[in-house]
Every structure is written in C-alpha cells, then in structure tokens.
file entry_11.pdb (PDB, N, CA and C atoms)
ATOM      1  N   MET A   1      97.052 234.469 175.422  1.00  0.00           N
ATOM      2  CA  MET A   1      98.471 234.680 175.516  1.00  0.00           C
ATOM      3  C   MET A   1      99.017 234.945 174.109  1.00  0.00           C
ATOM      4  N   ASN A   2      99.919 235.884 174.021  1.00  0.00           N
ATOM      5  CA  ASN A   2     100.533 236.251 172.767  1.00  0.00           C
ATOM      6  C   ASN A   2     101.268 235.049 172.159  1.00  0.00           C
ATOM      7  N   LYS A   3     101.194 234.917 170.845  1.00  0.00           N
ATOM      8  CA  LYS A   3     101.806 233.787 170.154  1.00  0.00           C
ATOM      9  C   LYS A   3     103.319 233.742 170.389  1.00  0.00           C
ATOM     10  N   TYR A   4     103.970 234.882 170.325  1.00  0.00           N
ATOM     11  CA  TYR A   4     105.420 234.925 170.494  1.00  0.00           C
ATOM     12  C   TYR A   4     105.832 234.664 171.938  1.00  0.00           C
ATOM     13  N   LEU A   5     105.043 235.124 172.880  1.00  0.00           N
ATOM     14  CA  LEU A   5     105.318 234.849 174.281  1.00  0.00           C
ATOM     15  C   LEU A   5     105.173 233.356 174.568  1.00  0.00           C
ATOM     16  N   ARG A   6     104.162 232.754 173.983  1.00  0.00           N
ATOM     17  CA  ARG A   6     103.945 231.309 174.160  1.00  0.00           C
ATOM     18  C   ARG A   6     105.124 230.509 173.608  1.00  0.00           C
ATOM     19  N   ILE A   7     105.592 230.880 172.410  1.00  0.00           N
ATOM     20  CA  ILE A   7     106.734 230.191 171.809  1.00  0.00           C
ATOM     21  C   ILE A   7     107.984 230.396 172.658  1.00  0.00           C
ATOM     22  N   ALA A   8     108.185 231.608 173.152  1.00  0.00           N
ATOM     23  CA  ALA A   8     109.354 231.895 173.995  1.00  0.00           C
ATOM     24  C   ALA A   8     109.309 231.075 175.286  1.00  0.00           C
ATOM     25  N   LEU A   9     108.136 230.979 175.902  1.00  0.00           N
ATOM     26  CA  LEU A   9     108.022 230.200 177.137  1.00  0.00           C
ATOM     27  C   LEU A   9     108.253 228.706 176.889  1.00  0.00           C
ATOM     28  N   ILE A  10     107.782 228.207 175.761  1.00  0.00           N
ATOM     29  CA  ILE A  10     108.013 226.802 175.433  1.00  0.00           C
ATOM     30  C   ILE A  10     109.506 226.544 175.223  1.00  0.00           C
ATOM     31  N   LEU A  11     110.181 227.456 174.540  1.00  0.00           N
ATOM     32  CA  LEU A  11     111.617 227.291 174.326  1.00  0.00           C
ATOM     33  C   LEU A  11     112.396 227.375 175.640  1.00  0.00           C
ATOM     34  N   ILE A  12     112.020 228.299 176.501  1.00  0.00           N
ATOM     35  CA  ILE A  12     112.679 228.416 177.800  1.00  0.00           C
ATOM     36  C   ILE A  12     112.455 227.151 178.624  1.00  0.00           C
ATOM     37  N   ALA A  13     111.218 226.665 178.629  1.00  0.00           N
ATOM     38  CA  ALA A  13     110.910 225.444 179.389  1.00  0.00           C
ATOM     39  C   ALA A  13     111.679 224.250 178.829  1.00  0.00           C
ATOM     40  N   ALA A  14     111.776 224.143 177.507  1.00  0.00           N
ATOM     41  CA  ALA A  14     112.520 223.033 176.903  1.00  0.00           C
ATOM     42  C   ALA A  14     113.995 223.096 177.289  1.00  0.00           C
ATOM     43  N   CYS A  15     114.572 224.294 177.279  1.00  0.00           N
ATOM     44  CA  CYS A  15     115.979 224.447 177.684  1.00  0.00           C
ATOM     45  C   CYS A  15     116.168 224.073 179.149  1.00  0.00           C
ATOM     46  N   LEU A  16     115.245 224.499 179.999  1.00  0.00           N
ATOM     47  CA  LEU A  16     115.353 224.172 181.420  1.00  0.00           C
ATOM     48  C   LEU A  16     115.218 222.674 181.672  1.00  0.00           C
ATOM     49  N   ILE A  17     114.302 222.036 180.970  1.00  0.00           N
ATOM     50  CA  ILE A  17     114.131 220.591 181.134  1.00  0.00           C
ATOM     51  C   ILE A  17     115.362 219.852 180.616  1.00  0.00           C
ATOM     52  N   PHE A  18     115.920 220.306 179.492  1.00  0.00           N
ATOM     53  CA  PHE A  18     117.149 219.706 178.977  1.00  0.00           C
ATOM     54  C   PHE A  18     118.288 219.860 179.981  1.00  0.00           C
ATOM     55  N   MET A  19     118.435 221.049 180.549  1.00  0.00           N
ATOM     56  CA  MET A  19     119.465 221.271 181.567  1.00  0.00           C
ATOM     57  C   MET A  19     119.193 220.421 182.801  1.00  0.00           C
ATOM     58  N   GLY A  20     117.925 220.205 183.116  1.00  0.00           N
ATOM     59  CA  GLY A  20     117.566 219.350 184.244  1.00  0.00           C
ATOM     60  C   GLY A  20     117.996 217.920 184.042  1.00  0.00           C
ATOM     61  N   PHE A  21     117.789 217.403 182.824  1.00  0.00           N
ATOM     62  CA  PHE A  21     118.234 216.041 182.542  1.00  0.00           C
ATOM     63  C   PHE A  21     119.753 215.923 182.608  1.00  0.00           C
ATOM     64  N   ILE A  22     120.439 216.929 182.101  1.00  0.00           N
ATOM     65  CA  ILE A  22     121.901 216.928 182.209  1.00  0.00           C
ATOM     66  C   ILE A  22     122.307 217.018 183.674  1.00  0.00           C
ATOM     67  N   GLY A  23     121.595 217.837 184.434  1.00  0.00           N
ATOM     68  CA  GLY A  23     121.905 218.013 185.848  1.00  0.00           C
ATOM     69  C   GLY A  23     121.682 216.771 186.695  1.00  0.00           C
ATOM     70  N   LEU A  24     120.875 215.848 186.200  1.00  0.00           N
ATOM     71  CA  LEU A  24     120.697 214.597 186.936  1.00  0.00           C
ATOM     72  C   LEU A  24     121.966 213.750 186.930  1.00  0.00           C
ATOM     73  N   PHE A  25     122.804 213.953 185.929  1.00  0.00           N
ATOM     74  CA  PHE A  25     124.024 213.158 185.792  1.00  0.00           C
ATOM     75  C   PHE A  25     125.292 213.930 186.130  1.00  0.00           C
ATOM     76  N   VAL A  26     125.233 215.255 186.052  1.00  0.00           N
ATOM     77  CA  VAL A  26     126.392 216.097 186.363  1.00  0.00           C
ATOM     78  C   VAL A  26     126.180 216.671 187.760  1.00  0.00           C
ATOM     79  N   PRO A  27     127.099 216.436 188.674  1.00  0.00           N
ATOM     80  CA  PRO A  27     126.876 216.848 190.059  1.00  0.00           C
ATOM     81  C   PRO A  27     126.898 218.364 190.296  1.00  0.00           C
ATOM     82  N   VAL A  28     127.353 219.145 189.327  1.00  0.00           N
ATOM     83  CA  VAL A  28     127.453 220.591 189.527  1.00  0.00           C
ATOM     84  C   VAL A  28     126.092 221.274 189.370  1.00  0.00           C
ATOM     85  N   LEU A  29     125.264 220.795 188.445  1.00  0.00           N
ATOM     86  CA  LEU A  29     123.958 221.402 188.183  1.00  0.00           C
ATOM     87  C   LEU A  29     122.898 220.836 189.122  1.00  0.00           C
ATOM     88  N   GLN A  30     121.930 221.647 189.447  1.00  0.00           N
ATOM     89  CA  GLN A  30     120.786 221.212 190.252  1.00  0.00           C
ATOM     90  C   GLN A  30     119.698 220.700 189.303  1.00  0.00           C
ATOM     91  N   GLY A  31     119.748 219.425 188.970  1.00  0.00           N
ATOM     92  CA  GLY A  31     118.846 218.857 187.979  1.00  0.00           C
ATOM     93  C   GLY A  31     117.383 218.940 188.352  1.00  0.00           C
ATOM     94  N   ILE A  32     117.058 218.621 189.583  1.00  0.00           N
ATOM     95  CA  ILE A  32     115.657 218.623 190.024  1.00  0.00           C
ATOM     96  C   ILE A  32     115.075 220.033 189.963  1.00  0.00           C
ATOM     97  N   LEU A  33     115.862 221.022 190.315  1.00  0.00           N
ATOM     98  CA  LEU A  33     115.393 222.409 190.281  1.00  0.00           C
ATOM     99  C   LEU A  33     115.058 222.840 188.857  1.00  0.00           C
ATOM    100  N   PHE A  34     115.946 222.544 187.909  1.00  0.00           N
ATOM    101  CA  PHE A  34     115.688 222.906 186.517  1.00  0.00           C
ATOM    102  C   PHE A  34     114.476 222.167 185.973  1.00  0.00           C
ATOM    103  N   LEU A  35     114.333 220.891 186.314  1.00  0.00           N
ATOM    104  CA  LEU A  35     113.159 220.133 185.869  1.00  0.00           C
ATOM    105  C   LEU A  35     111.876 220.730 186.427  1.00  0.00           C
ATOM    106  N   ALA A  36     111.877 221.071 187.705  1.00  0.00           N
ATOM    107  CA  ALA A  36     110.671 221.612 188.337  1.00  0.00           C
ATOM    108  C   ALA A  36     110.271 222.947 187.718  1.00  0.00           C
ATOM    109  N   VAL A  37     111.224 223.817 187.491  1.00  0.00           N
ATOM    110  CA  VAL A  37     110.907 225.124 186.898  1.00  0.00           C
ATOM    111  C   VAL A  37     110.432 224.958 185.458  1.00  0.00           C
ATOM    112  N   GLY A  38     111.074 224.079 184.707  1.00  0.00           N
ATOM    113  CA  GLY A  38     110.648 223.835 183.330  1.00  0.00           C
ATOM    114  C   GLY A  38     109.242 223.265 183.252  1.00  0.00           C
ATOM    115  N   ILE A  39     108.933 222.327 184.143  1.00  0.00           N
ATOM    116  CA  ILE A  39     107.586 221.751 184.173  1.00  0.00           C
ATOM    117  C   ILE A  39     106.563 222.802 184.571  1.00  0.00           C
ATOM    118  N   TYR A  40     106.900 223.650 185.528  1.00  0.00           N
ATOM    119  CA  TYR A  40     105.963 224.697 185.942  1.00  0.00           C
ATOM    120  C   TYR A  40     105.679 225.651 184.784  1.00  0.00           C
ATOM    121  N   ILE A  41     106.702 226.030 184.042  1.00  0.00           N
ATOM    122  CA  ILE A  41     106.495 226.931 182.906  1.00  0.00           C
ATOM    123  C   ILE A  41     105.624 226.266 181.845  1.00  0.00           C
ATOM    124  N   LEU A  42     105.830 224.974 181.608  1.00  0.00           N
ATOM    125  CA  LEU A  42     104.987 224.279 180.629  1.00  0.00           C
ATOM    126  C   LEU A  42     103.534 224.199 181.089  1.00  0.00           C
ATOM    127  N   THR A  43     103.287 224.112 182.390  1.00  0.00           N
ATOM    128  CA  THR A  43     101.893 224.090 182.851  1.00  0.00           C
ATOM    129  C   THR A  43     101.216 225.434 182.626  1.00  0.00           C
ATOM    130  N   LEU A  44     101.985 226.511 182.585  1.00  0.00           N
ATOM    131  CA  LEU A  44     101.405 227.823 182.295  1.00  0.00           C
ATOM    132  C   LEU A  44     101.008 227.945 180.831  1.00  0.00           C
ATOM    133  N   VAL A  45     101.709 227.236 179.958  1.00  0.00           N
ATOM    134  CA  VAL A  45     101.517 227.376 178.518  1.00  0.00           C
ATOM    135  C   VAL A  45     100.515 226.370 177.959  1.00  0.00           C
ATOM    136  N   SER A  46     100.560 225.129 178.428  1.00  0.00           N
ATOM    137  CA  SER A  46      99.784 224.057 177.825  1.00  0.00           C
ATOM    138  C   SER A  46      98.734 223.507 178.789  1.00  0.00           C
ATOM    139  N   ASP A  47      97.488 223.507 178.344  1.00  0.00           N
ATOM    140  CA  ASP A  47      96.406 222.943 179.157  1.00  0.00           C
ATOM    141  C   ASP A  47      96.517 221.423 179.251  1.00  0.00           C
ATOM    142  N   LYS A  48      96.952 220.777 178.161  1.00  0.00           N
ATOM    143  CA  LYS A  48      97.108 219.314 178.186  1.00  0.00           C
ATOM    144  C   LYS A  48      98.213 218.908 179.158  1.00  0.00           C
ATOM    145  N   PHE A  49      99.300 219.652 179.166  1.00  0.00           N
ATOM    146  CA  PHE A  49     100.387 219.328 180.081  1.00  0.00           C
ATOM    147  C   PHE A  49      99.967 219.599 181.523  1.00  0.00           C
ATOM    148  N   LYS A  50      99.173 220.649 181.735  1.00  0.00           N
ATOM    149  CA  LYS A  50      98.652 220.943 183.072  1.00  0.00           C
ATOM    150  C   LYS A  50      97.764 219.795 183.558  1.00  0.00           C
ATOM    151  N   ALA A  51      96.927 219.259 182.679  1.00  0.00           N
ATOM    152  CA  ALA A  51      96.071 218.132 183.047  1.00  0.00           C
ATOM    153  C   ALA A  51      96.912 216.898 183.368  1.00  0.00           C
ATOM    154  N   TRP A  52      97.991 216.686 182.611  1.00  0.00           N
ATOM    155  CA  TRP A  52      98.881 215.560 182.872  1.00  0.00           C
ATOM    156  C   TRP A  52      99.532 215.689 184.244  1.00  0.00           C
ATOM    157  N   VAL A  53     100.004 216.889 184.567  1.00  0.00           N
ATOM    158  CA  VAL A  53     100.624 217.121 185.873  1.00  0.00           C
ATOM    159  C   VAL A  53      99.594 216.927 186.988  1.00  0.00           C
ATOM    160  N   ASP A  54      98.382 217.443 186.788  1.00  0.00           N
ATOM    161  CA  ASP A  54      97.334 217.296 187.806  1.00  0.00           C
ATOM    162  C   ASP A  54      96.993 215.825 188.056  1.00  0.00           C
ATOM    163  N   ARG A  55      96.934 215.015 186.988  1.00  0.00           N
ATOM    164  CA  ARG A  55      96.679 213.581 187.155  1.00  0.00           C
ATOM    165  C   ARG A  55      97.767 212.922 187.992  1.00  0.00           C
ATOM    166  N   HIS A  56      99.004 213.298 187.744  1.00  0.00           N
ATOM    167  CA  HIS A  56     100.102 212.697 188.495  1.00  0.00           C
ATOM    168  C   HIS A  56     100.165 213.220 189.923  1.00  0.00           C
ATOM    169  N   LEU A  57      99.740 214.445 190.142  1.00  0.00           N
ATOM    170  CA  LEU A  57      99.731 214.971 191.503  1.00  0.00           C
ATOM    171  C   LEU A  57      98.671 214.287 192.358  1.00  0.00           C
ATOM    172  N   LEU A  58      97.589 213.827 191.733  1.00  0.00           N
ATOM    173  CA  LEU A  58      96.579 213.087 192.489  1.00  0.00           C
ATOM    174  C   LEU A  58      97.117 211.735 192.952  1.00  0.00           C
ATOM    175  N   ARG A  59      98.016 211.167 192.168  1.00  0.00           N
ATOM    176  CA  ARG A  59      98.601 209.876 192.545  1.00  0.00           C
ATOM    177  C   ARG A  59      99.625 210.013 193.668  1.00  0.00           C
ATOM    178  N   PHE A  60     100.229 211.197 193.781  1.00  0.00           N
ATOM    179  CA  PHE A  60     101.275 211.423 194.777  1.00  0.00           C
ATOM    180  C   PHE A  60     100.925 212.652 195.617  1.00  0.00           C
ATOM    181  N   PRO A  61     100.110 212.492 196.663  1.00  0.00           N
ATOM    182  CA  PRO A  61      99.623 213.642 197.429  1.00  0.00           C
ATOM    183  C   PRO A  61     100.728 214.430 198.130  1.00  0.00           C
ATOM    184  N   LYS A  62     101.835 213.795 198.473  1.00  0.00           N
ATOM    185  CA  LYS A  62     102.923 214.527 199.119  1.00  0.00           C
ATOM    186  C   LYS A  62     103.490 215.588 198.160  1.00  0.00           C
ATOM    187  N   PHE A  63     103.666 215.213 196.909  1.00  0.00           N
ATOM    188  CA  PHE A  63     104.158 216.164 195.927  1.00  0.00           C
ATOM    189  C   PHE A  63     103.116 217.230 195.623  1.00  0.00           C
ATOM    190  N   LYS A  64     101.839 216.863 195.686  1.00  0.00           N
ATOM    191  CA  LYS A  64     100.772 217.838 195.437  1.00  0.00           C
ATOM    192  C   LYS A  64     100.814 218.945 196.480  1.00  0.00           C
ATOM    193  N   HIS A  65     101.052 218.579 197.726  1.00  0.00           N
ATOM    194  CA  HIS A  65     101.141 219.579 198.784  1.00  0.00           C
ATOM    195  C   HIS A  65     102.291 220.558 198.498  1.00  0.00           C
ATOM    196  N   HIS A  66     103.455 220.039 198.130  1.00  0.00           N
ATOM    197  CA  HIS A  66     104.597 220.900 197.822  1.00  0.00           C
ATOM    198  C   HIS A  66     104.336 221.757 196.586  1.00  0.00           C
ATOM    199  N   TYR A  67     103.730 221.155 195.577  1.00  0.00           N
ATOM    200  CA  TYR A  67     103.421 221.879 194.344  1.00  0.00           C
ATOM    201  C   TYR A  67     102.459 223.035 194.623  1.00  0.00           C
ATOM    202  N   ASP A  68     101.400 222.759 195.385  1.00  0.00           N
ATOM    203  CA  ASP A  68     100.431 223.805 195.708  1.00  0.00           C
ATOM    204  C   ASP A  68     101.064 224.920 196.532  1.00  0.00           C
ATOM    205  N   THR A  69     101.900 224.555 197.492  1.00  0.00           N
ATOM    206  CA  THR A  69     102.558 225.549 198.336  1.00  0.00           C
ATOM    207  C   THR A  69     103.453 226.460 197.505  1.00  0.00           C
ATOM    208  N   HIS A  70     104.270 225.882 196.660  1.00  0.00           N
ATOM    209  CA  HIS A  70     105.206 226.689 195.880  1.00  0.00           C
ATOM    210  C   HIS A  70     104.507 227.460 194.764  1.00  0.00           C
ATOM    211  N   THR A  71     103.453 226.899 194.200  1.00  0.00           N
ATOM    212  CA  THR A  71     102.689 227.623 193.192  1.00  0.00           C
ATOM    213  C   THR A  71     102.055 228.873 193.800  1.00  0.00           C
ATOM    214  N   ALA A  72     101.538 228.756 195.004  1.00  0.00           N
ATOM    215  CA  ALA A  72     100.952 229.920 195.674  1.00  0.00           C
ATOM    216  C   ALA A  72     102.016 230.973 195.958  1.00  0.00           C
ATOM    217  N   ARG A  73     103.201 230.550 196.350  1.00  0.00           N
ATOM    218  CA  ARG A  73     104.286 231.496 196.629  1.00  0.00           C
ATOM    219  C   ARG A  73     104.717 232.226 195.362  1.00  0.00           C
ATOM    220  N   VAL A  74     104.829 231.498 194.256  1.00  0.00           N
ATOM    221  CA  VAL A  74     105.231 232.128 192.993  1.00  0.00           C
ATOM    222  C   VAL A  74     104.149 233.092 192.522  1.00  0.00           C
ATOM    223  N   SER A  75     102.889 232.688 192.637  1.00  0.00           N
ATOM    224  CA  SER A  75     101.789 233.561 192.220  1.00  0.00           C
ATOM    225  C   SER A  75     101.747 234.839 193.045  1.00  0.00           C
ATOM    226  N   SER A  76     101.929 234.722 194.350  1.00  0.00           N
ATOM    227  CA  SER A  76     101.915 235.918 195.193  1.00  0.00           C
ATOM    228  C   SER A  76     103.124 236.807 194.897  1.00  0.00           C
ATOM    229  N   PHE A  77     104.258 236.214 194.539  1.00  0.00           N
ATOM    230  CA  PHE A  77     105.442 236.999 194.181  1.00  0.00           C
ATOM    231  C   PHE A  77     105.161 237.843 192.947  1.00  0.00           C
ATOM    232  N   PHE A  78     104.562 237.222 191.908  1.00  0.00           N
ATOM    233  CA  PHE A  78     104.302 237.969 190.687  1.00  0.00           C
ATOM    234  C   PHE A  78     103.156 238.951 190.848  1.00  0.00           C
ATOM    235  N   LYS A  79     102.192 238.665 191.699  1.00  0.00           N
ATOM    236  CA  LYS A  79     101.119 239.629 191.950  1.00  0.00           C
ATOM    237  C   LYS A  79     101.659 240.853 192.666  1.00  0.00           C
ATOM    238  N   GLY A  80     102.626 240.648 193.543  1.00  0.00           N
ATOM    239  CA  GLY A  80     103.269 241.775 194.216  1.00  0.00           C
ATOM    240  C   GLY A  80     104.060 242.627 193.253  1.00  0.00           C
ATOM    241  N   ARG A  81     104.640 242.014 192.252  1.00  0.00           N
ATOM    242  CA  ARG A  81     105.416 242.742 191.231  1.00  0.00           C
ATOM    243  C   ARG A  81     104.508 243.564 190.319  1.00  0.00           C
ATOM    244  N   GLU A  82     103.292 243.111 190.063  1.00  0.00           N
ATOM    245  CA  GLU A  82     102.375 243.843 189.211  1.00  0.00           C
ATOM    246  C   GLU A  82     102.008 245.190 189.829  1.00  0.00           C
ATOM    247  N   GLY A  83     101.885 245.225 191.129  1.00  0.00           N
ATOM    248  CA  GLY A  83     101.526 246.462 191.814  1.00  0.00           C
ATOM    249  C   GLY A  83     102.631 247.499 191.774  1.00  0.00           C
ATOM    250  N   GLN A  84     103.875 247.080 191.559  1.00  0.00           N
ATOM    251  CA  GLN A  84     104.998 247.993 191.537  1.00  0.00           C
ATOM    252  C   GLN A  84     105.144 248.733 190.216  1.00  0.00           C
ATOM    253  N   LYS A  85     104.558 248.230 189.142  1.00  0.00           N
ATOM    254  CA  LYS A  85     104.712 248.852 187.820  1.00  0.00           C
ATOM    255  C   LYS A  85     103.904 250.095 187.673  1.00  0.00           C
TER     256      LYS A  85
END
call {"tool": "encode", "arguments": {"input": "entry_11.pdb", "output": "structure tokens"}}
result
Amino acid sequence: MNKYLRIALILIAACLIFMGFIGLFVPVLQGILFLAVGIYILTLVSDKFKAWVDRHLLRFPKFKHHYDTHTARVSSFFKGREGQK
C-alpha cells in the first residue's frame, strides 16, 4: 500500500472514531456507525489492529457474524466498482 494512502486512511479512520465517540454523547450523530466504519478502515491499514479485532470477535460470536456479513458486502461492492473502471 502506498505510504500516502496509508497515512490518509489512518487520518480518516481517526476522524471517524473521534466523531464516533462524540456521537455516543450527542444524540444527533450516529456514534456506533462512525466507530464501526473507523475500525473497519483501521483493519485495512494495520495488521496488529486486525489481529486485535479478530481476537475480540472470537470472544463475541454474534458480532463476528455481523462483521463477516458486512465485510463481505463491502468487499463485493468494491469489486463491482473495479469492473466499471
């Protein structure tokens, strides 16, 4: 992965996670949504963070099912976009 793309993704994920924490206390923002997207972006960038998420998903199988389902949907969405270029 390109160095600048990696830095950009980390900054975007940090902003989303920050907005997620604010959204947990402010009723207008969807805090959980911002946290989930920020965490997903960090798993794309960092292998250590991906391992941390995987360890926690093993402890909570209900969340693992949702994570796997949505990860597959996002992956298929972006694979469909690649064919359009």
call {"tool": "axis_aligned_box", "arguments": {"input": "entry_11.pdb", "around": "region 13-21 of chain A", "padding_each_side": "4 Å", "output": "JSON"}}
result
{"center_x": 115.3, "center_y": 221.3, "center_z": 180.6, "size_x": 16.8, "size_y": 18.7, "size_z": 15.3}
call {"tool": "residues_around", "arguments": {"input": "entry_11.pdb", "residues": "Ile10 (chain A)", "least_positions_apart": "6", "cutoff": "7 Å", "atoms": "all atoms listed in the file", "output": "PDB file with N, CA and C atoms, in the frame of the given file"}}
result
ATOM      1  N   ILE A  41     106.702 226.030 184.042  1.00  0.00           N
ATOM      2  CA  ILE A  41     106.495 226.931 182.906  1.00  0.00           C
ATOM      3  C   ILE A  41     105.624 226.266 181.845  1.00  0.00           C
ATOM      4  N   LEU A  42     105.830 224.974 181.608  1.00  0.00           N
ATOM      5  CA  LEU A  42     104.987 224.279 180.629  1.00  0.00           C
ATOM      6  C   LEU A  42     103.534 224.199 181.089  1.00  0.00           C
ATOM      7  N   VAL A  45     101.709 227.236 179.958  1.00  0.00           N
ATOM      8  CA  VAL A  45     101.517 227.376 178.518  1.00  0.00           C
ATOM      9  C   VAL A  45     100.515 226.370 177.959  1.00  0.00           C
TER      10      VAL A  45
END
call {"tool": "atom_distance", "arguments": {"input": "entry_11.pdb", "atom1": "atom C of Met1 (chain A)", "atom2": "CA of Ser46 (chain A)"}}
result
11.5 Å
call {"tool": "atom_distance", "arguments": {"input": "entry_11.pdb", "atom1": "atom C of Leu33 (chain A)", "atom2": "atom C of Ile12 (chain A)"}}
result
11.4 Å
call {"tool": "atom_distance", "arguments": {"input": "entry_11.pdb", "atom1": "atom N of Leu16 (chain A)", "atom2": "CA of His70 (chain A)"}}
result
18.9 Å
call {"tool": "resolve_selection", "arguments": {"input": "entry_11.pdb", "expression": "the PyMOL selection byres (((chain A and resi 13 and name CA) around 10) and name CA)", "output": "list in words"}}
result
Ile7, Ala8, Leu9, Ile10, Leu11, Ile12, Ala14, Cys15, Leu16, Ile17, Phe18, Met19, Phe34, Leu35, Ala36, Val37, Gly38, Ile39, Tyr40, Ile41, Leu42, Thr43 and Val45 of chain A
call {"tool": "build_atoms", "arguments": {"input": "entry_11.pdb", "residues": "region 12-24 of chain A", "atoms": "N, CA, C and O atoms", "output": "CSV table (one decimal), keeping the file's coordinate frame"}}
result
chain,number,residue,atom,x,y,z
A,12,ILE,N,112.0,228.3,176.5
A,12,ILE,CA,112.7,228.4,177.8
A,12,ILE,C,112.5,227.2,178.6
A,12,ILE,O,113.4,226.6,179.2
A,13,ALA,N,111.2,226.7,178.6
A,13,ALA,CA,110.9,225.4,179.4
A,13,ALA,C,111.7,224.2,178.8
A,13,ALA,O,112.2,223.4,179.6
A,14,ALA,N,111.8,224.1,177.5
A,14,ALA,CA,112.5,223.0,176.9
A,14,ALA,C,114.0,223.1,177.3
A,14,ALA,O,114.6,222.1,177.6
A,15,CYS,N,114.6,224.3,177.3
A,15,CYS,CA,116.0,224.4,177.7
A,15,CYS,C,116.2,224.1,179.1
A,15,CYS,O,117.1,223.4,179.5
A,16,LEU,N,115.2,224.5,180.0
A,16,LEU,CA,115.4,224.2,181.4
A,16,LEU,C,115.2,222.7,181.7
A,16,LEU,O,116.0,222.1,182.5
A,17,ILE,N,114.3,222.0,181.0
A,17,ILE,CA,114.1,220.6,181.1
A,17,ILE,C,115.4,219.9,180.6
A,17,ILE,O,115.8,218.9,181.2
A,18,PHE,N,115.9,220.3,179.5
A,18,PHE,CA,117.1,219.7,179.0
A,18,PHE,C,118.3,219.9,180.0
A,18,PHE,O,119.0,218.9,180.3
A,19,MET,N,118.4,221.0,180.5
A,19,MET,CA,119.5,221.3,181.6
A,19,MET,C,119.2,220.4,182.8
A,19,MET,O,120.1,220.0,183.5
A,20,GLY,N,117.9,220.2,183.1
A,20,GLY,CA,117.6,219.4,184.2
A,20,GLY,C,118.0,217.9,184.0
A,20,GLY,O,118.5,217.3,185.0
A,21,PHE,N,117.8,217.4,182.8
A,21,PHE,CA,118.2,216.0,182.5
A,21,PHE,C,119.8,215.9,182.6
A,21,PHE,O,120.3,214.9,183.1
A,22,ILE,N,120.4,216.9,182.1
A,22,ILE,CA,121.9,216.9,182.2
A,22,ILE,C,122.3,217.0,183.7
A,22,ILE,O,123.2,216.3,184.1
A,23,GLY,N,121.6,217.8,184.4
A,23,GLY,CA,121.9,218.0,185.8
A,23,GLY,C,121.7,216.8,186.7
A,23,GLY,O,122.2,216.7,187.8
A,24,LEU,N,120.9,215.8,186.2
A,24,LEU,CA,120.7,214.6,186.9
A,24,LEU,C,122.0,213.8,186.9
A,24,LEU,O,122.2,212.9,187.8
